[in-house]
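Worksheet: one structure, shown below.
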Amino acid sequence: MTRTLITQGLNPPQKKAVTYEKGPLLVLAGAGSGKTKVLTRRAAYLIIDKNVPPDRIIAMTFTNKAAAEMKDRIYKLADSKASGIWMGTFHSLCARILRKNASELGYTSTYTICDDKDRKNIIQGILKGLSYKNQIESKDIIRKISRYKSYLIPWNEIEIKDDFSEIIVKVYEIYQKTLKNNNAMDFDDLLFNTVSLFEEHQEIRDKYAEKFLHILVDEFQDTNYAQYKILNHIAKKHRNIMVVGDDDQSIYGFRGAEIGNIMNFENDFDGTKVIVLEQNYRSTGNILSAALSVVKNNKRRKEKRLKTKKSAGEKLTFFWGYDPRNEAEKVIKKIFEEKKRGKKNKDFVILYRINAQSRAIEEMLRRYNLPYKIVGGIRFYERKEIKDIFAYIKSAINPEDRISHERILNIISGVGKKTFEKIDEFGKKNGMSFGKAVMNVKKVENLTPSQQRKIYELSKIIKAIQKNTDNVYNALNVVIEKTGYIERLSQIGDKLSKEKIENIKELVASVENFVMQNKDKSCENYIREVSLYSDVDGWILNDEISLMTIHNAKGLEFPIVFLIGLNEHLFPHYLSIEEDNVEEERRLFYVALTRAKEKVYLSATCGRESLTGFLKRKPSPFLKEIPKKYITGFEEEKEEKEEKEEKQINKEGFNSGDYVNHSVFGKGKIISVEGKGIKQKAKVNFSGEVKTIRTSFLKKQQKND
DNA sequence: TAGCTTGTACTTTTT
DNA sequence: GTACAAGCTA
């Protein structure tokens, strides 16, 4: 692509940002203002127009998906000239730097990256060992430790004030030592250790600072202290750092994101040029105005004048659901209406505050046979069967990794914790890594002959994997063939096992793809990449309705957005109120609305059934912040009336023998009825096919219908 | 040591 | 209504 094309179609401030010459640059980019476009065009501009070698440019994003999209777009602009550019998430780029310099910190380059589940297991083990288990929850400890790490505070620098902080420091210390013993790091360590590396070895820091002529940072409002520090280090020499962000979209405060980083950038980097992008290209007028009216209520923000050239469009539409199921059913009704007007499944996204809210929607989508995809939630790579398979490969490449070894030992029937400890003890006595101890299992005392035989078989499998570590596809096939993992699953033969086999097949396909697309096909490279993958990343859009949390939706756009569960307690979440974080929740609401291009549907429930009866819930206070001229269907007084109507429907008596109608299955005859109220279920015969269905989904039929 | 059963607590957001 | 953990038994 030529110079003129690189700046073609850009508005003046965008063009200014893309072609900015030298020094620190802060781009305040409102929602939908072409943030990614500016970043990718600038990268292409530097490479093609300014002849900057691509490996001297580093571009940091927050999600792998954003990185993949940027990569894709830059290659479209600059072709193979862009190859070699450092592009990825903060975590993946740090992992890369650490892999090269691991020995300086006492790790090897094959170190393992622990995911959340590993972390939880380790912490729980430590709590058990210290008999703190009943005093404190692992969840709280994990949060605290993670917080300390994101502020770069090691365990031995924490001031002990009370019993609680004493426990935390103790657990933190043991946790770090355990990780080190396993040649392992968690997500926070990737950032923490990169800073340690730079600060303890200035010559290494200087090397990277010299190397990176240009630094480009996306979603700057979500950087935490550690990330900010990393940027400071690598920007030290050339100071060509461009950060793009929107303080109104800062929604990761709980993870240590510092909105102050964007507020103070100008102070920290002398001579910063500020460019503001205020032209929104995504949403219609009503959507943008509604979103801005809400976020305007935040005190801590930079004033902006975001505008759109699109027409006002339809108003936001609000509706009540009696309870989450009824709300879900109404969402689906709206989807069918929109589909009649020509919309496709992939045009819809259903957003919610917390993952648990997906259940009611999911159930209903399945009932109506609508294809959907949940983005986030249980991540593919955190599934048991996938972690098991990976544990074999991880054990082969990192002999210090006890966690993975313990996992694969446990798969063997007749081998458990006791056996693991015996091998561990043997290894420690003889100065061997755990992996080496496994290789010498025949010398371990007090094992039954069958245990010895089985573990010896395992050691042969590990050796076979080690012969194939340069190609992860071959290594994976060794694992599957030699362990008989799939055979064992198919012998169980239930629905769950079949699903697991499908997941493994999906894994094989994705590994095959990885091997085809990457020069470095090694197990190390593959594991390092996917350890940092979240579910959003592998996300391919078929014609499916998307379901995700608002957090996961950041950076995405859809023609039609449903935002459900707009109730007190849930949104803003009650815990965030306790933590005095309502402004962040309001920004989250802003992010949700600004995902929409054409239409926003908002909904709340009157409450939900609970053990103590019907629990009434008020609407979210954010709804009241939307001026009436932008929204239709929301009147607080109406709440009561709607609720009564819903109750009436549910009171309709259903008896066996009644003829009923169902919106999907059609006409049927009730065989039997069970339960009362909203939970009432009926067995219904739909022309031969008998189904059990909640009576709230049925309509009574007049005799001659 | 493994698998089954019972019980209980749950429910923020994620790289 | 689920997911996980602890406890019991074979």
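In the structure tokens, each chain is lettered A, B, ... as it comes, each chain's residues begin at 1, and ligands are numbered from 1 in order of appearance.
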> Near Tyr151 of chain A, counting only C-alpha atoms (C1' of nucleotides), which residues have an atom at most 9 Å away, once you skip same-chain residues fewer than 6 positions from it, shown as a ChimeraX atom specification?
Replying inline: /A:192,224-226,256
Can I get the selection written as a short mmCIF file (atom, residue, chain, number, x, y, z; two decimals), in the first residue's frame, with all heavy atoms?
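As a result, result_4.cif now contains:
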```cif
data_model
loop_
_atom_site.label_atom_id
_atom_site.label_comp_id
_atom_site.auth_asym_id
_atom_site.auth_seq_id
_atom_site.Cartn_x
_atom_site.Cartn_y
_atom_site.Cartn_z
N PHE A 192 5.15 -8.74 36.83
CA PHE A 192 6.02 -8.48 37.98
C PHE A 192 7.47 -8.83 37.65
O PHE A 192 8.39 -8.04 37.87
CB PHE A 192 5.52 -9.32 39.17
CG PHE A 192 6.18 -9.01 40.48
CD1 PHE A 192 5.50 -8.33 41.47
CD2 PHE A 192 7.48 -9.41 40.73
CE1 PHE A 192 6.10 -8.06 42.69
CE2 PHE A 192 8.09 -9.13 41.94
CZ PHE A 192 7.39 -8.45 42.92
N ASN A 224 -2.49 -1.41 34.52
CA ASN A 224 -2.25 -1.30 35.95
C ASN A 224 -0.84 -0.75 36.19
O ASN A 224 -0.12 -0.43 35.25
CB ASN A 224 -2.48 -2.64 36.65
CG ASN A 224 -1.51 -3.72 36.21
OD1 ASN A 224 -0.40 -3.44 35.77
ND2 ASN A 224 -1.94 -4.96 36.32
N TYR A 225 -0.49 -0.66 37.47
CA TYR A 225 0.78 -0.04 37.82
C TYR A 225 1.97 -0.77 37.19
O TYR A 225 2.88 -0.15 36.64
CB TYR A 225 0.93 0.02 39.34
CG TYR A 225 2.20 0.67 39.80
CD1 TYR A 225 2.40 2.05 39.64
CD2 TYR A 225 3.23 -0.08 40.36
CE1 TYR A 225 3.58 2.65 40.04
CE2 TYR A 225 4.42 0.51 40.77
CZ TYR A 225 4.58 1.88 40.60
OH TYR A 225 5.75 2.47 40.99
N ALA A 226 1.94 -2.10 37.26
CA ALA A 226 3.05 -2.89 36.72
C ALA A 226 3.21 -2.66 35.21
O ALA A 226 4.32 -2.49 34.71
CB ALA A 226 2.82 -4.38 37.01
N GLY A 256 -6.78 -3.89 39.22
CA GLY A 256 -5.66 -2.99 39.49
C GLY A 256 -5.47 -1.93 38.43
O GLY A 256 -4.50 -1.18 38.47
#
```
> Which neighbours of DT5 of chain B fall inside 12 Å, counting only C-alpha atoms (C1' of nucleotides), when residues of the same chain fewer than 3 positions from it are skipped, and could you give them as a ChimeraX atom specification?
Replying inline: /C:6-9
Would you put the residues from that selection into a file with N, CA, C and O atoms (P, O5', C5', C4', C3', O3' and C1' of nucleotides), as a PDB file, in the first residue's frame?
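The result, stored in again.pdb:
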```pdb
ATOM      1  P    DA C   6     -12.870 -29.930  51.510  1.00  0.00           P
ATOM      2  O5'  DA C   6     -13.528 -30.830  52.650  1.00  0.00           O
ATOM      3  C5'  DA C   6     -14.739 -30.407  53.273  1.00  0.00           C
ATOM      4  C4'  DA C   6     -15.581 -31.628  53.617  1.00  0.00           C
ATOM      5  C3'  DA C   6     -14.809 -32.761  54.302  1.00  0.00           C
ATOM      6  O3'  DA C   6     -15.493 -33.139  55.488  1.00  0.00           O
ATOM      7  C1'  DA C   6     -16.086 -33.600  52.489  1.00  0.00           C
ATOM      8  P    DG C   7     -14.827 -34.123  56.540  1.00  0.00           P
ATOM      9  O5'  DG C   7     -15.739 -35.425  56.406  1.00  0.00           O
ATOM     10  C5'  DG C   7     -17.166 -35.303  56.326  1.00  0.00           C
ATOM     11  C4'  DG C   7     -17.757 -36.658  55.974  1.00  0.00           C
ATOM     12  C3'  DG C   7     -17.040 -37.848  56.618  1.00  0.00           C
ATOM     13  O3'  DG C   7     -18.003 -38.788  57.079  1.00  0.00           O
ATOM     14  C1'  DG C   7     -17.125 -38.137  54.274  1.00  0.00           C
ATOM     15  P    DC C   8     -17.547 -39.951  58.098  1.00  0.00           P
ATOM     16  O5'  DC C   8     -18.105 -41.243  57.354  1.00  0.00           O
ATOM     17  C5'  DC C   8     -19.383 -41.235  56.706  1.00  0.00           C
ATOM     18  C4'  DC C   8     -19.399 -42.283  55.615  1.00  0.00           C
ATOM     19  C3'  DC C   8     -18.822 -43.636  56.031  1.00  0.00           C
ATOM     20  O3'  DC C   8     -19.782 -44.660  55.786  1.00  0.00           O
ATOM     21  C1'  DC C   8     -17.888 -42.931  53.964  1.00  0.00           C
ATOM     22  P    DT C   9     -19.547 -46.116  56.469  1.00  0.00           P
ATOM     23  O5'  DT C   9     -19.362 -47.024  55.174  1.00  0.00           O
ATOM     24  C5'  DT C   9     -20.243 -46.882  54.056  1.00  0.00           C
ATOM     25  C4'  DT C   9     -19.591 -47.511  52.836  1.00  0.00           C
ATOM     26  C3'  DT C   9     -19.003 -48.915  53.084  1.00  0.00           C
ATOM     27  O3'  DT C   9     -19.379 -49.773  52.017  1.00  0.00           O
ATOM     28  C1'  DT C   9     -17.379 -47.538  52.109  1.00  0.00           C
TER      29       DT C   9
END
```
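Applying a distance limit of 7 Å to only C-alpha atoms (C1' of nucleotides), the residues of chain A near chain B read A:His91, A:Phe187, A:Ile354, A:Ala356, A:Gly414, A:Gly416, A:His551.
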Just-selected residues, N, CA, C and O atoms written as a short mmCIF file (atom, residue, chain, number, x, y, z; two decimals), in the first residue's frame:
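File produced: result_9.cif:
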```cif
data_model
loop_
_atom_site.label_atom_id
_atom_site.label_comp_id
_atom_site.auth_asym_id
_atom_site.auth_seq_id
_atom_site.Cartn_x
_atom_site.Cartn_y
_atom_site.Cartn_z
N HIS A 91 0.69 -9.46 28.53
CA HIS A 91 1.14 -10.71 29.13
C HIS A 91 1.95 -11.55 28.16
O HIS A 91 2.97 -12.12 28.54
N PHE A 187 -0.19 -15.32 36.04
CA PHE A 187 -0.35 -14.18 35.14
C PHE A 187 0.33 -12.91 35.68
O PHE A 187 0.99 -12.19 34.95
N ILE A 354 -23.08 -10.48 35.16
CA ILE A 354 -22.30 -11.60 35.70
C ILE A 354 -22.59 -12.88 34.91
O ILE A 354 -23.68 -13.07 34.37
N ALA A 356 -23.30 -15.86 35.67
CA ALA A 356 -24.41 -16.72 36.08
C ALA A 356 -25.72 -16.36 35.39
O ALA A 356 -26.62 -17.18 35.27
N GLY A 414 -5.11 -46.38 40.70
CA GLY A 414 -4.27 -47.03 41.71
C GLY A 414 -3.09 -46.16 42.14
O GLY A 414 -2.30 -46.56 42.97
N GLY A 416 -2.18 -42.28 43.57
CA GLY A 416 -2.78 -41.04 44.09
C GLY A 416 -1.76 -40.20 44.82
O GLY A 416 -0.57 -40.24 44.51
N HIS A 551 -17.92 -7.01 30.22
CA HIS A 551 -16.46 -6.93 30.16
C HIS A 551 -15.92 -7.57 28.90
O HIS A 551 -14.99 -7.06 28.27
#
```
> A:Arg617, A:Glu385, A:Arg359, A:Ile126: which is nearest chain C, counting only C-alpha atoms (C1' of nucleotides)?
Replying inline: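 Closest residue, counting only C-alpha atoms (C1' of nucleotides): A:Arg359.
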> Could you state the separation of atom CA of Glu327 of chain A and atom CA of Leu615 of chain A in Å, given to one decimal place?
Replying inline: 15.3 Å
>> Please return, as number ranges by chain, all residues of segment 166-252 of chain A that DSSP assigns to strand (DSSP E or B) on the basis of the backbone.
In response: A: 184-185, 214-217, 224, 241-245
>> Need the shell around Gly285 of chain A: protein/DNA/RNA residues with any atom at most 6 Å away, counting only C-alpha atoms (C1' of nucleotides). Skip same-chain ones fewer than 4 positions apart. Format as a list in words?
In response: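 The contact residues come out as Ser289, Ser311 and Ala312 of chain A.
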Could you give me, as a PDB file with C-alpha atoms, in the first residue's frame, the residues within 6 Å of segment 393-408 of chain A, counting only C-alpha atoms (C1' of nucleotides) and dropping anything in the same chain fewer than 3 positions from it?
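Everything below was put into out.pdb:
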```pdb
ATOM      1  CA  THR A 110      10.523 -23.681  29.578  1.00  0.00           C
ATOM      2  CA  ASN A 182       7.809 -25.689  39.959  1.00  0.00           C
ATOM      3  CA  ASN A 183       9.560 -23.381  37.504  1.00  0.00           C
ATOM      4  CA  PHE A 390      -1.610 -30.480  28.263  1.00  0.00           C
ATOM      5  CA  ILE A 411      -4.980 -40.242  35.949  1.00  0.00           C
ATOM      6  CA  SER A 433      13.800 -32.821  39.575  1.00  0.00           C
ATOM      7  CA  PHE A 434      10.407 -34.445  39.922  1.00  0.00           C
ATOM      8  CA  GLY A 435      10.469 -35.414  36.279  1.00  0.00           C
ATOM      9  CA  ILE A 462       6.986 -38.801  28.574  1.00  0.00           C
ATOM     10  CA  GLN A 466      10.259 -35.406  24.589  1.00  0.00           C
TER      11      GLN A 466
END
```
>> Could you go through segment 406-579 of chain A and tell me which residues DSSP, when run on the backbone, assigns to helix (DSSP H, G or I), listing them as an MDAnalysis selection string?
In response: chainID A and resid 406:411 417:429 434:439 441:443 449:466 472:483 485:492 495:517 523:531 550:553 574:578
